[in-house]
Amino acid sequence: MQNEIQNILKLYLRLESFEQMNRIKEVLDEKGIKQTWLAEQLGKSYNMVNAYVQNRQQPRIEVLYDIAKILDVNVKDLLIDNDNKKNKK
């Protein structure tokens, strides 16, 4: 578990820009889940969750793990790997 957390942190820190760091919006869309529902589950405001979804603000790593648990996905599925971003350019 500690090793996985270290790998996630490394991935999280390798992401270079706030332009598109997370895939929360895509995962919500894939699962047909509304931002309001996620906000309720997290105990956060809609505005805060919307900021995460729109990549205007990034959740703390603990919150990212909470989101992954709520959405029943691996936390890695919520992050965009920097290597993949470079290959798309």
# chains A, B, ... in the order shown; residues from 1 in each chain; ligands from 1
call {"tool": "select_by_dssp", "arguments": {"residues": "chain A", "states": "alpha helix (DSSP H)", "output": "PyMOL selection string"}}
result
chain A and resi 2-14+24-31+35-42+46-53+61-71+82-88
call {"tool": "residues_around", "arguments": {"residues": "Ala39 of chain A", "least_positions_apart": "5", "cutoff": "12 Å", "atoms": "only C-alpha atoms", "output": "number ranges by chain"}}
result
A: 28, 33-34, 44-53, 63, 66-67, 70-71
call {"tool": "residues_around", "arguments": {"residues": "Ile5 of chain A", "least_positions_apart": "4", "cutoff": "10 Å", "atoms": "only C-alpha atoms", "output": "JSON, numbers by chain"}}
result
{"A": [1, 9, 10, 11, 61, 65, 75]}
call {"tool": "atom_distance", "arguments": {"atom1": "atom CA of Ile80 of chain A", "atom2": "atom CA of Leu42 of chain A"}}
result
21.4 Å
call {"tool": "atom_distance", "arguments": {"atom1": "atom CA of Gln54 of chain A", "atom2": "atom CA of Gln41 of chain A"}}
result
18.4 Å
